[in-house]
$ cat protein-v2.csv   # CSV, N, CA and C atoms
chain,number,residue,atom,x,y,z
A,1,MET,N,-0.9,186.3,-31.7
A,1,MET,CA,-0.3,185.0,-32.0
A,1,MET,C,-1.2,184.0,-31.5
A,2,PHE,N,-1.5,183.0,-32.3
A,2,PHE,CA,-2.4,181.9,-31.9
A,2,PHE,C,-1.6,180.7,-31.4
A,3,ILE,N,-2.0,180.3,-30.2
A,3,ILE,CA,-1.3,179.1,-29.7
A,3,ILE,C,-2.4,178.0,-29.6
A,4,PRO,N,-2.2,176.9,-30.4
A,4,PRO,CA,-3.2,175.8,-30.4
A,4,PRO,C,-3.2,175.1,-29.0
A,5,LEU,N,-4.3,174.7,-28.6
A,5,LEU,CA,-4.4,173.9,-27.4
A,5,LEU,C,-4.0,172.5,-27.6
A,6,LYS,N,-3.4,171.9,-26.6
A,6,LYS,CA,-2.9,170.5,-26.7
A,6,LYS,C,-4.1,169.6,-26.8
A,7,SER,N,-5.2,169.9,-26.1
A,7,SER,CA,-6.4,169.0,-26.2
A,7,SER,C,-7.6,169.9,-26.2
A,8,LYS,N,-8.7,169.3,-26.7
A,8,LYS,CA,-9.9,170.1,-26.6
A,8,LYS,C,-10.5,170.0,-25.2
A,9,PRO,N,-11.3,170.9,-24.8
A,9,PRO,CA,-11.9,170.8,-23.5
A,9,PRO,C,-12.8,169.6,-23.3
A,10,CYS,N,-12.8,169.0,-22.1
A,10,CYS,CA,-13.5,167.8,-21.9
A,10,CYS,C,-15.0,168.1,-21.7
A,11,SER,N,-15.8,167.3,-22.3
A,11,SER,CA,-17.2,167.4,-22.2
A,11,SER,C,-17.7,166.3,-21.3
A,12,ALA,N,-18.4,166.5,-20.3
A,12,ALA,CA,-18.9,165.5,-19.4
A,12,ALA,C,-20.0,164.6,-20.2
A,13,MET,N,-20.5,165.2,-21.2
A,13,MET,CA,-21.5,164.5,-22.0
A,13,MET,C,-20.9,163.8,-23.2
A,14,ASP,N,-19.6,163.7,-23.3
A,14,ASP,CA,-18.9,163.0,-24.4
A,14,ASP,C,-19.5,161.5,-24.4
A,15,ILE,N,-19.8,161.0,-25.5
A,15,ILE,CA,-20.5,159.7,-25.6
A,15,ILE,C,-19.7,158.6,-25.0
A,16,THR,N,-18.4,158.6,-25.1
A,16,THR,CA,-17.6,157.5,-24.6
A,16,THR,C,-17.5,157.6,-23.1
A,17,VAL,N,-17.3,158.8,-22.6
A,17,VAL,CA,-17.2,159.0,-21.1
A,17,VAL,C,-18.5,158.7,-20.5
A,18,PHE,N,-19.6,159.2,-21.1
A,18,PHE,CA,-21.0,159.0,-20.6
A,18,PHE,C,-21.3,157.5,-20.5
A,19,HIS,N,-21.0,156.8,-21.6
A,19,HIS,CA,-21.3,155.3,-21.7
A,19,HIS,C,-20.5,154.6,-20.6
A,20,LEU,N,-19.2,154.9,-20.5
A,20,LEU,CA,-18.4,154.1,-19.5
A,20,LEU,C,-18.8,154.5,-18.1
A,21,SER,N,-19.2,155.7,-17.8
A,21,SER,CA,-19.7,156.1,-16.5
A,21,SER,C,-20.9,155.3,-16.1
A,22,ARG,N,-21.8,155.2,-17.0
A,22,ARG,CA,-23.1,154.4,-16.8
A,22,ARG,C,-22.8,153.0,-16.6
A,23,LYS,N,-21.9,152.4,-17.3
A,23,LYS,CA,-21.5,151.0,-17.2
A,23,LYS,C,-20.8,150.8,-15.9
A,24,LEU,N,-20.0,151.7,-15.4
A,24,LEU,CA,-19.4,151.6,-14.1
A,24,LEU,C,-20.4,151.6,-13.0
A,25,LYS,N,-21.4,152.5,-13.0
A,25,LYS,CA,-22.4,152.5,-12.0
A,25,LYS,C,-23.2,151.2,-12.0
A,26,LYS,N,-23.5,150.7,-13.2
A,26,LYS,CA,-24.2,149.4,-13.2
A,26,LYS,C,-23.4,148.3,-12.6
A,27,LEU,N,-22.1,148.2,-12.9
A,27,LEU,CA,-21.3,147.2,-12.3
A,27,LEU,C,-21.1,147.4,-10.8
A,28,ASP,N,-21.1,148.6,-10.3
A,28,ASP,CA,-21.0,148.9,-8.9
A,28,ASP,C,-22.2,148.3,-8.2
A,29,ARG,N,-23.4,148.6,-8.8
A,29,ARG,CA,-24.6,148.0,-8.2
A,29,ARG,C,-24.6,146.5,-8.2
A,30,ARG,N,-24.1,145.9,-9.3
A,30,ARG,CA,-24.1,144.5,-9.4
A,30,ARG,C,-23.1,143.8,-8.4
A,31,ILE,N,-22.0,144.4,-8.1
A,31,ILE,CA,-21.1,143.8,-7.1
A,31,ILE,C,-21.5,144.0,-5.7
A,32,GLN,N,-22.4,144.9,-5.4
A,32,GLN,CA,-22.9,145.0,-4.1
A,32,GLN,C,-23.9,143.9,-3.7
A,33,LYS,N,-24.4,143.2,-4.6
A,33,LYS,CA,-25.3,142.0,-4.4
A,33,LYS,C,-24.5,140.8,-4.0
A,34,ASP,N,-25.2,139.9,-3.3
A,34,ASP,CA,-24.5,138.6,-2.9
A,34,ASP,C,-24.3,137.7,-4.1
A,35,SER,N,-25.0,137.9,-5.1
A,35,SER,CA,-24.9,137.0,-6.3
A,35,SER,C,-23.8,137.5,-7.3
A,36,ALA,N,-22.9,138.4,-6.9
A,36,ALA,CA,-21.9,138.9,-7.8
A,36,ALA,C,-20.9,137.8,-8.1
A,37,LYS,N,-20.5,137.8,-9.4
A,37,LYS,CA,-19.6,136.8,-9.9
A,37,LYS,C,-18.2,137.4,-10.0
A,38,THR,N,-17.2,136.6,-10.2
A,38,THR,CA,-15.8,137.1,-10.3
A,38,THR,C,-15.6,137.9,-11.6
A,39,HIS,N,-16.3,137.6,-12.7
A,39,HIS,CA,-16.2,138.3,-13.9
A,39,HIS,C,-16.8,139.7,-13.7
A,40,ASP,N,-17.7,139.9,-12.8
A,40,ASP,CA,-18.2,141.3,-12.5
A,40,ASP,C,-17.1,142.2,-12.0
A,41,TYR,N,-16.3,141.6,-11.1
A,41,TYR,CA,-15.2,142.4,-10.5
A,41,TYR,C,-14.1,142.7,-11.6
A,42,THR,N,-13.9,141.7,-12.4
A,42,THR,CA,-12.9,141.9,-13.5
A,42,THR,C,-13.4,142.9,-14.5
A,43,ASN,N,-14.7,142.9,-14.9
A,43,ASN,CA,-15.2,143.9,-15.8
A,43,ASN,C,-15.2,145.3,-15.2
A,44,ARG,N,-15.4,145.4,-13.9
A,44,ARG,CA,-15.4,146.7,-13.2
A,44,ARG,C,-14.0,147.3,-13.3
A,45,GLU,N,-13.0,146.5,-13.0
A,45,GLU,CA,-11.6,147.0,-13.1
A,45,GLU,C,-11.3,147.4,-14.5
A,46,ARG,N,-11.7,146.7,-15.5
A,46,ARG,CA,-11.5,147.0,-16.9
A,46,ARG,C,-12.2,148.3,-17.3
A,47,VAL,N,-13.4,148.5,-16.8
A,47,VAL,CA,-14.1,149.7,-17.2
A,47,VAL,C,-13.5,150.9,-16.5
A,48,ILE,N,-13.0,150.7,-15.3
A,48,ILE,CA,-12.3,151.8,-14.6
A,48,ILE,C,-11.1,152.3,-15.4
A,49,THR,N,-10.3,151.3,-15.9
A,49,THR,CA,-9.1,151.6,-16.7
A,49,THR,C,-9.5,152.3,-18.0
A,50,GLN,N,-10.6,151.8,-18.7
A,50,GLN,CA,-11.0,152.4,-19.9
A,50,GLN,C,-11.5,153.8,-19.7
A,51,LEU,N,-12.2,154.1,-18.6
A,51,LEU,CA,-12.7,155.4,-18.3
A,51,LEU,C,-11.6,156.4,-18.0
A,52,ASN,N,-10.6,155.9,-17.3
A,52,ASN,CA,-9.4,156.8,-17.0
A,52,ASN,C,-8.7,157.1,-18.3
A,53,GLU,N,-8.5,156.2,-19.2
A,53,GLU,CA,-7.9,156.4,-20.4
A,53,GLU,C,-8.7,157.3,-21.3
A,54,ALA,N,-10.0,157.1,-21.3
A,54,ALA,CA,-10.9,158.0,-22.2
A,54,ALA,C,-10.8,159.5,-21.7
A,55,LYS,N,-10.8,159.6,-20.4
A,55,LYS,CA,-10.7,161.0,-19.8
A,55,LYS,C,-9.4,161.6,-20.1
A,56,ARG,N,-8.3,160.8,-20.1
A,56,ARG,CA,-7.0,161.3,-20.3
A,56,ARG,C,-6.8,161.7,-21.8
A,57,TYR,N,-7.3,160.9,-22.7
A,57,TYR,CA,-7.1,161.2,-24.1
A,57,TYR,C,-8.1,162.1,-24.8
A,58,LEU,N,-9.3,162.0,-24.3
A,58,LEU,CA,-10.4,162.8,-24.9
A,58,LEU,C,-10.5,164.2,-24.3
A,59,CYS,N,-9.9,164.4,-23.1
A,59,CYS,CA,-10.0,165.7,-22.4
A,59,CYS,C,-8.8,166.5,-22.6
$ encode --input "protein-v2.csv" --output "structure tokens"
Amino acid sequence: MFIPLKSKPCSAMDITVFHLSRKLKKLDRRIQKDSAKTHDYTNRERVITQLNEAKRYLC
């Protein structure tokens, strides 16, 4: 009897997850500097949300 999986296995190299992970690292480096702007913090929170959603739906 074949039971279909609810979701496919998550690949760490999935293009969306990979892109968002790199973007998050870039924003982390940016906010560690003294010249960080408020939109850098906002973008970081947005990318964290997008990455969590991508991992939940793609994995």
$ atom_distance --input "protein-v2.csv" --atom1 "atom C of A:Arg29" --atom2 "atom CA of A:Glu45"
13.9 Å
$ atom_distance --input "protein-v2.csv" --atom1 "atom CA of A:Val17" --atom2 "atom C of A:Ser35"
26.4 Å
$ atom_distance --input "protein-v2.csv" --atom1 "atom N of A:Lys26" --atom2 "atom N of A:Val47"
10.9 Å
$ residues_around --input "protein-v2.csv" --residues "stretch 39-42 of chain A" --least-positions-apart "5" --cutoff "7 Å" --atoms "all atoms listed in the file" --output "list in words"
Leu27, Arg30, Ile31 and Val47 of chain A
$ residues_around --input "protein-v2.csv" --residues "stretch 18-24 of chain A" --least-positions-apart "2" --cutoff "7 Å" --atoms "all atoms listed in the file" --output "list in words"
Ala12, Met13, Asp14, Ile15, Thr16, Lys26, Leu27, Asp28, Arg29, Arg44, Val47, Ile48, Gln50 and Leu51 of chain A
$ select_by_dssp --input "protein-v2.csv" --residues "stretch 14-54 of chain A" --states "helix (DSSP H, G or I)" --output "MDAnalysis selection string"
chainID A and resid 15:31 38:54
